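*Asks:* Handing over protein-v9.pdb, PDB, C-alpha atoms and all ligand atoms.
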```pdb
ATOM      1  CA  MET E   1     106.178 106.945 104.363  1.00  0.00           C
ATOM      2  CA  ALA E   2     104.751 109.163 101.624  1.00  0.00           C
ATOM      3  CA  THR E   3     104.835 108.365  97.922  1.00  0.00           C
ATOM      4  CA  ILE E   4     105.001 111.037  95.246  1.00  0.00           C
ATOM      5  CA  ILE E   5     104.648 109.943  91.628  1.00  0.00           C
ATOM      6  CA  PHE E   6     105.985 112.387  89.067  1.00  0.00           C
ATOM      7  CA  GLN E   7     104.669 112.187  85.507  1.00  0.00           C
ATOM      8  CA  PHE E   8     105.942 114.525  82.821  1.00  0.00           C
ATOM      9  CA  GLU E   9     104.286 116.356  79.943  1.00  0.00           C
ATOM     10  CA  ASP E  10     107.610 115.932  78.168  1.00  0.00           C
ATOM     11  CA  THR E  11     107.189 112.295  77.157  1.00  0.00           C
ATOM     12  CA  LYS E  12     110.955 111.812  76.882  1.00  0.00           C
ATOM     13  CA  ILE E  13     111.156 111.825  80.701  1.00  0.00           C
ATOM     14  CA  PRO E  14     110.059 108.573  82.368  1.00  0.00           C
ATOM     15  CA  THR E  15     107.677 108.574  85.344  1.00  0.00           C
ATOM     16  CA  LYS E  16     109.531 108.773  88.647  1.00  0.00           C
ATOM     17  CA  THR E  17     108.262 107.493  92.007  1.00  0.00           C
ATOM     18  CA  VAL E  18     109.793 108.940  95.159  1.00  0.00           C
ATOM     19  CA  THR E  19     109.156 107.716  98.698  1.00  0.00           C
ATOM     20  CA  GLY E  20     110.214 109.269 101.975  1.00  0.00           C
ATOM     21  CA  ASP E  21     109.200 111.117 105.090  1.00  0.00           C
ATOM     22  CA  PHE E  22     107.719 114.186 103.442  1.00  0.00           C
ATOM     23  CA  THR E  23     105.292 115.434 106.090  1.00  0.00           C
ATOM     24  CA  ASP E  24     105.358 119.270 106.185  1.00  0.00           C
ATOM     25  CA  THR E  25     107.464 119.269 103.026  1.00  0.00           C
ATOM     26  CA  SER E  26     106.290 120.943  99.824  1.00  0.00           C
ATOM     27  CA  ILE E  27     106.079 119.149  96.502  1.00  0.00           C
ATOM     28  CA  LEU E  28     108.649 121.683  95.256  1.00  0.00           C
ATOM     29  CA  GLU E  29     111.086 120.549  97.966  1.00  0.00           C
ATOM     30  CA  VAL E  30     110.473 116.927  96.975  1.00  0.00           C
ATOM     31  CA  THR E  31     111.328 117.754  93.346  1.00  0.00           C
ATOM     32  CA  GLU E  32     114.638 119.207  94.497  1.00  0.00           C
ATOM     33  CA  GLU E  33     115.430 116.181  96.629  1.00  0.00           C
ATOM     34  CA  ALA E  34     114.470 113.811  93.803  1.00  0.00           C
ATOM     35  CA  ASP E  35     116.338 115.782  91.136  1.00  0.00           C
ATOM     36  CA  VAL E  36     113.160 116.513  89.188  1.00  0.00           C
ATOM     37  CA  HIS E  37     113.494 119.733  87.195  1.00  0.00           C
ATOM     38  CA  LEU E  38     110.815 122.267  88.120  1.00  0.00           C
ATOM     39  CA  ASN E  39     111.329 126.011  87.807  1.00  0.00           C
ATOM     40  CA  HIS E  40     110.718 128.149  90.882  1.00  0.00           C
ATOM     41  CA  ASN E  41     111.594 131.745  90.114  1.00  0.00           C
ATOM     42  CA  CYS E  42     110.370 133.350  93.319  1.00  0.00           C
ATOM     43  CA  GLY E  43     112.087 130.797  95.539  1.00  0.00           C
ATOM     44  CA  GLY E  44     108.893 129.180  96.755  1.00  0.00           C
ATOM     45  CA  VAL E  45     107.001 132.081  98.325  1.00  0.00           C
ATOM     46  CA  CYS E  46     103.856 132.090  96.153  1.00  0.00           C
ATOM     47  CA  ALA E  47     104.924 135.108  94.115  1.00  0.00           C
ATOM     48  CA  CYS E  48     105.216 133.655  90.600  1.00  0.00           C
ATOM     49  CA  SER E  49     103.672 130.806  88.645  1.00  0.00           C
ATOM     50  CA  THR E  50     106.746 128.965  87.387  1.00  0.00           C
ATOM     51  CA  CYS E  51     106.336 126.051  89.844  1.00  0.00           C
ATOM     52  CA  HIS E  52     102.935 125.259  88.312  1.00  0.00           C
ATOM     53  CA  ILE E  53     102.030 121.558  88.392  1.00  0.00           C
ATOM     54  CA  TYR E  54      98.935 119.423  87.941  1.00  0.00           C
ATOM     55  CA  VAL E  55      97.882 117.327  90.920  1.00  0.00           C
ATOM     56  CA  GLU E  56      96.267 114.318  89.255  1.00  0.00           C
ATOM     57  CA  LYS E  57      95.590 112.296  92.436  1.00  0.00           C
ATOM     58  CA  GLY E  58      95.944 112.803  96.165  1.00  0.00           C
ATOM     59  CA  GLU E  59      94.943 116.473  96.416  1.00  0.00           C
ATOM     60  CA  ASN E  60      93.345 115.632  99.794  1.00  0.00           C
ATOM     61  CA  PHE E  61      96.809 114.936 101.254  1.00  0.00           C
ATOM     62  CA  LEU E  62      97.922 118.506 100.534  1.00  0.00           C
ATOM     63  CA  GLU E  63      97.363 121.861 102.189  1.00  0.00           C
ATOM     64  CA  GLU E  64      94.368 123.621 100.671  1.00  0.00           C
ATOM     65  CA  ILE E  65      94.761 126.134  97.896  1.00  0.00           C
ATOM     66  CA  SER E  66      94.766 129.806  98.952  1.00  0.00           C
ATOM     67  CA  ASP E  67      93.264 132.790  97.094  1.00  0.00           C
ATOM     68  CA  LYS E  68      96.764 134.096  96.431  1.00  0.00           C
ATOM     69  CA  GLU E  69      97.811 130.770  94.921  1.00  0.00           C
ATOM     70  CA  GLU E  70      94.710 130.787  92.687  1.00  0.00           C
ATOM     71  CA  ASP E  71      95.618 134.271  91.453  1.00  0.00           C
ATOM     72  CA  PHE E  72      99.071 133.123  90.389  1.00  0.00           C
ATOM     73  CA  ILE E  73      97.745 129.927  88.803  1.00  0.00           C
ATOM     74  CA  ASP E  74      95.595 132.125  86.545  1.00  0.00           C
ATOM     75  CA  ARG E  75      98.855 133.499  85.109  1.00  0.00           C
ATOM     76  CA  ALA E  76     100.411 130.066  84.497  1.00  0.00           C
ATOM     77  CA  THR E  77     100.573 128.385  81.084  1.00  0.00           C
ATOM     78  CA  ASN E  78      97.523 126.145  80.483  1.00  0.00           C
ATOM     79  CA  PRO E  79      95.920 126.271  83.936  1.00  0.00           C
ATOM     80  CA  ARG E  80      93.417 123.477  84.615  1.00  0.00           C
ATOM     81  CA  LEU E  81      91.141 122.484  87.485  1.00  0.00           C
ATOM     82  CA  GLU E  82      93.907 120.311  88.954  1.00  0.00           C
ATOM     83  CA  SER E  83      96.521 123.089  88.774  1.00  0.00           C
ATOM     84  CA  ARG E  84      98.537 123.937  91.875  1.00  0.00           C
ATOM     85  CA  LEU E  85     101.783 125.709  92.688  1.00  0.00           C
ATOM     86  CA  ALA E  86     104.262 123.090  93.898  1.00  0.00           C
ATOM     87  CA  CYS E  87     105.774 125.361  96.549  1.00  0.00           C
ATOM     88  CA  GLN E  88     102.345 125.715  98.167  1.00  0.00           C
ATOM     89  CA  CYS E  89     101.524 121.991  98.122  1.00  0.00           C
ATOM     90  CA  ILE E  90     102.568 121.083 101.651  1.00  0.00           C
ATOM     91  CA  ILE E  91     102.219 117.358 102.309  1.00  0.00           C
ATOM     92  CA  LEU E  92     100.104 116.914 105.434  1.00  0.00           C
ATOM     93  CA  GLU E  93     100.070 113.175 106.064  1.00  0.00           C
ATOM     94  CA  ASP E  94     102.720 110.501 106.640  1.00  0.00           C
ATOM     95  CA  ASP E  95     101.066 108.046 104.264  1.00  0.00           C
ATOM     96  CA  ALA E  96     100.244 110.522 101.487  1.00  0.00           C
ATOM     97  CA  VAL E  97     100.147 109.182  97.937  1.00  0.00           C
ATOM     98  CA  VAL E  98     100.175 111.998  95.406  1.00  0.00           C
ATOM     99  CA  THR E  99     100.460 111.863  91.621  1.00  0.00           C
ATOM    100  CA  VAL E 100     101.534 115.042  89.857  1.00  0.00           C
ATOM    101  CA  THR E 101     102.254 115.994  86.274  1.00  0.00           C
ATOM    102  CA  ILE E 102     105.148 118.364  85.664  1.00  0.00           C
ATOM    103  CA  PRO E 103     104.469 120.706  82.711  1.00  0.00           C
ATOM    104  CA  ASP E 104     107.021 120.842  79.901  1.00  0.00           C
ATOM    105  CA  GLN E 105     109.724 123.026  81.495  1.00  0.00           C
ATOM    106  CA  SER E 106     111.226 124.011  78.151  1.00  0.00           C
ATOM    107  CA  ARG E 107     108.199 126.279  77.619  1.00  0.00           C
ATOM    108  CA  ILE E 108     108.696 128.072  80.941  1.00  0.00           C
ATOM    109  CA  ILE E 109     111.188 130.845  81.385  1.00  0.00           C
ATOM    110  CA  GLY E 110     112.897 130.428  84.712  1.00  0.00           C
ATOM    111  CA  HIS E 111     115.982 129.401  86.592  1.00  0.00           C
ATOM    112  CA  GLU E 112     117.009 125.833  86.742  1.00  0.00           C
ATOM    113  CA  HIS E 113     117.703 124.551  90.202  1.00  0.00           C
TER     114      HIS E 113
HETATM  115  S1  LIG A 201     108.166 129.154  93.223  1.00  0.00           S
HETATM  116 FE1  LIG A 201     107.122 130.977  92.852  1.00  0.00          FE
HETATM  117  S2  LIG A 201     105.092 130.465  93.343  1.00  0.00           S
HETATM  118 FE2  LIG A 201     106.140 128.618  93.695  1.00  0.00          FE
END
```
Please re-express this file's structure in structure tokens.
*Replies:*
Amino acid sequence: MATIIFQFEDTKIPTKTVTGDFTDTSILEVTEEADVHLNHNCGGVCACSTCHIYVEKGENFLEEISDKEEDFIDRATNPRLESRLACQCIILEDDAVVTVTIPDQSRIIGHEH
């Protein structure tokens, strides 16, 4: 059983912990299942930067970052060392524990899911 902890830059949204069988699932797919709002303009194919998140803990449980993903992260708002694109963060292990911060979505132009 994997555990994903969602923290939010928008302090009005409380932290949300989601558990489930998420192996081979992306963090973006977990947000959809858990009803966490995260934009994803390109539909999850690593062709935009609207699903930008910060992986605070548990990066080692996720598929490694690709050059293409790094290129798109450079175009995101406030990229940091822990930046990833949620659609590219595939959870690799059954017992993964990952903490992510969702940027303030009101500053990102994109479709709601
Ligand atoms: S949804 Fe476009 S890169 Fe993730």
*Asks:* Carefully work through the PyMOL selection byres (((chain E and resi 72) around 10) and not hetatm) for this structure and note down the residues it includes, as a PyMOL selection string.
*Replies:* chain E and resi 46-50+52+67-71+73-76+79+84-85
*Asks:* Compare E:Gln88, E:Ser83, E:Asn78, E:Thr11 by their minimum atom-to-atom distance to ligand LIG 201 (chain A), counting only C-alpha atoms and all ligand atoms, and give me the closest one.
*Replies:*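 Of the candidates, the smallest distance to ligand LIG 201 (chain A) is held by E:Gln88.
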*Asks:* Measuring between all atoms listed in the file, which one of E:Asn41, E:Thr77, E:Asn60, E:Ser106 shows the shortest distance to ligand LIG 201 (chain A)?
*Replies:* E:Asn41
*Asks:* Measuring atom to atom with only C-alpha atoms and all ligand atoms, identify which of E:Arg80, E:His40, E:Lys57, E:Arg107 is nearest to ligand LIG 201 (chain A).
*Replies:* E:His40
*Asks:* Nearest to Ile27 (chain E): which of E:Val55, E:Ala2, E:Cys87, E:Cys42 is it, counting only C-alpha atoms?
*Replies:* E:Cys87
*Asks:* Decode the PyMOL selection byres (((chain E and resi 96) around 12) and not hetatm) for the given file into explicit residues and return them as a VMD selection string.
*Replies:* chain E and resid 1 to 5 18 to 25 27 57 to 63 90 to 95 97 to 99
*Asks:* What is the CA of Gln7 (chain E) to CA of Thr101 (chain E) distance in Å?
*Replies:*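 Separation between CA of Gln7 (chain E) and CA of Thr101 (chain E): 4.6 Å.
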*Asks:* CA of Lys12 (chain E) to atom FE1 of ligand LIG 201 (chain A): how many Å, to one decimal?
*Replies:*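 One can read the CA of Lys12 (chain E) to atom FE1 of ligand LIG 201 (chain A) distance as 25.2 Å.
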*Asks:* For a quick check of understanding, using only C-alpha atoms and all ligand atoms, which of E:Asp104, E:Thr17, E:Gly43, E:Tyr54 has the smallest distance to ligand LIG 201 (chain A)?
*Replies:*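 Ranked by minimum distance to ligand LIG 201 (chain A), first place goes to E:Gly43.
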*Asks:* Return the single residue from E:Pro103, E:Leu81, E:Cys89, E:Asp10 that is closest to ligand LIG 201 (chain A), with distances computed using all atoms listed in the file.
*Replies:*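 Closest to ligand LIG 201 (chain A), using all atoms listed in the file: E:Cys89.
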*Asks:* Could you add N, CA and C atoms to region 40-65 of chain E and give me the result as a short mmCIF file (atom, residue, chain, number, x, y, z; two decimals), in the coordinates of the input?
*Replies:*
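rebuild.cif written:
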```
data_model
loop_
_atom_site.label_atom_id
_atom_site.label_comp_id
_atom_site.auth_asym_id
_atom_site.auth_seq_id
_atom_site.Cartn_x
_atom_site.Cartn_y
_atom_site.Cartn_z
N HIS E 40 111.30 127.55 89.67
CA HIS E 40 110.72 128.15 90.88
C HIS E 40 111.34 129.53 91.08
N ASN E 41 110.94 130.43 90.19
CA ASN E 41 111.59 131.74 90.11
C ASN E 41 111.56 132.56 91.39
N CYS E 42 110.47 132.48 92.14
CA CYS E 42 110.37 133.35 93.32
C CYS E 42 110.97 132.68 94.55
N GLY E 43 111.47 131.47 94.40
CA GLY E 43 112.09 130.80 95.54
C GLY E 43 111.09 130.14 96.46
N GLY E 44 109.86 129.95 95.98
CA GLY E 44 108.89 129.18 96.76
C GLY E 44 108.07 129.99 97.74
N VAL E 45 107.78 131.25 97.39
CA VAL E 45 107.00 132.08 98.32
C VAL E 45 105.67 132.54 97.72
N CYS E 46 105.16 131.78 96.76
CA CYS E 46 103.86 132.09 96.15
C CYS E 46 103.83 133.49 95.54
N ALA E 47 104.86 133.79 94.75
CA ALA E 47 104.92 135.11 94.12
C ALA E 47 105.25 135.00 92.63
N CYS E 48 105.05 133.82 92.05
CA CYS E 48 105.22 133.66 90.60
C CYS E 48 104.31 132.49 90.20
N SER E 49 104.47 131.99 89.00
CA SER E 49 103.67 130.81 88.64
C SER E 49 104.54 129.75 87.97
N THR E 50 105.85 129.88 88.11
CA THR E 50 106.75 128.96 87.39
C THR E 50 106.80 127.57 88.01
N CYS E 51 106.33 127.40 89.24
CA CYS E 51 106.34 126.05 89.84
C CYS E 51 104.99 125.35 89.65
N HIS E 52 104.27 125.82 88.64
CA HIS E 52 102.94 125.26 88.31
C HIS E 52 103.02 123.76 88.00
N ILE E 53 102.13 123.00 88.65
CA ILE E 53 102.03 121.56 88.39
C ILE E 53 100.55 121.18 88.32
N TYR E 54 100.29 119.96 87.89
CA TYR E 54 98.94 119.42 87.94
C TYR E 54 98.92 118.30 88.97
N VAL E 55 98.03 118.40 89.94
CA VAL E 55 97.88 117.33 90.92
C VAL E 55 96.79 116.40 90.40
N GLU E 56 97.21 115.24 89.90
CA GLU E 56 96.27 114.32 89.26
C GLU E 56 95.51 113.49 90.30
N LYS E 57 96.21 113.10 91.37
CA LYS E 57 95.59 112.30 92.44
C LYS E 57 96.21 112.69 93.77
N GLY E 58 95.42 112.60 94.83
CA GLY E 58 95.94 112.80 96.16
C GLY E 58 95.90 114.24 96.66
N GLU E 59 95.10 115.07 96.01
CA GLU E 59 94.94 116.47 96.42
C GLU E 59 94.58 116.59 97.91
N ASN E 60 93.81 115.61 98.39
CA ASN E 60 93.34 115.63 99.79
C ASN E 60 94.49 115.49 100.80
N PHE E 61 95.66 115.06 100.35
CA PHE E 61 96.81 114.94 101.25
C PHE E 61 97.60 116.25 101.35
N LEU E 62 97.15 117.26 100.63
CA LEU E 62 97.92 118.51 100.53
C LEU E 62 97.19 119.66 101.20
N GLU E 63 97.96 120.65 101.64
CA GLU E 63 97.36 121.86 102.19
C GLU E 63 96.44 122.49 101.14
N GLU E 64 95.35 123.07 101.61
CA GLU E 64 94.37 123.62 100.67
C GLU E 64 94.91 124.82 99.91
N ILE E 65 94.35 125.02 98.76
CA ILE E 65 94.76 126.13 97.90
C ILE E 65 94.30 127.46 98.52
#
```
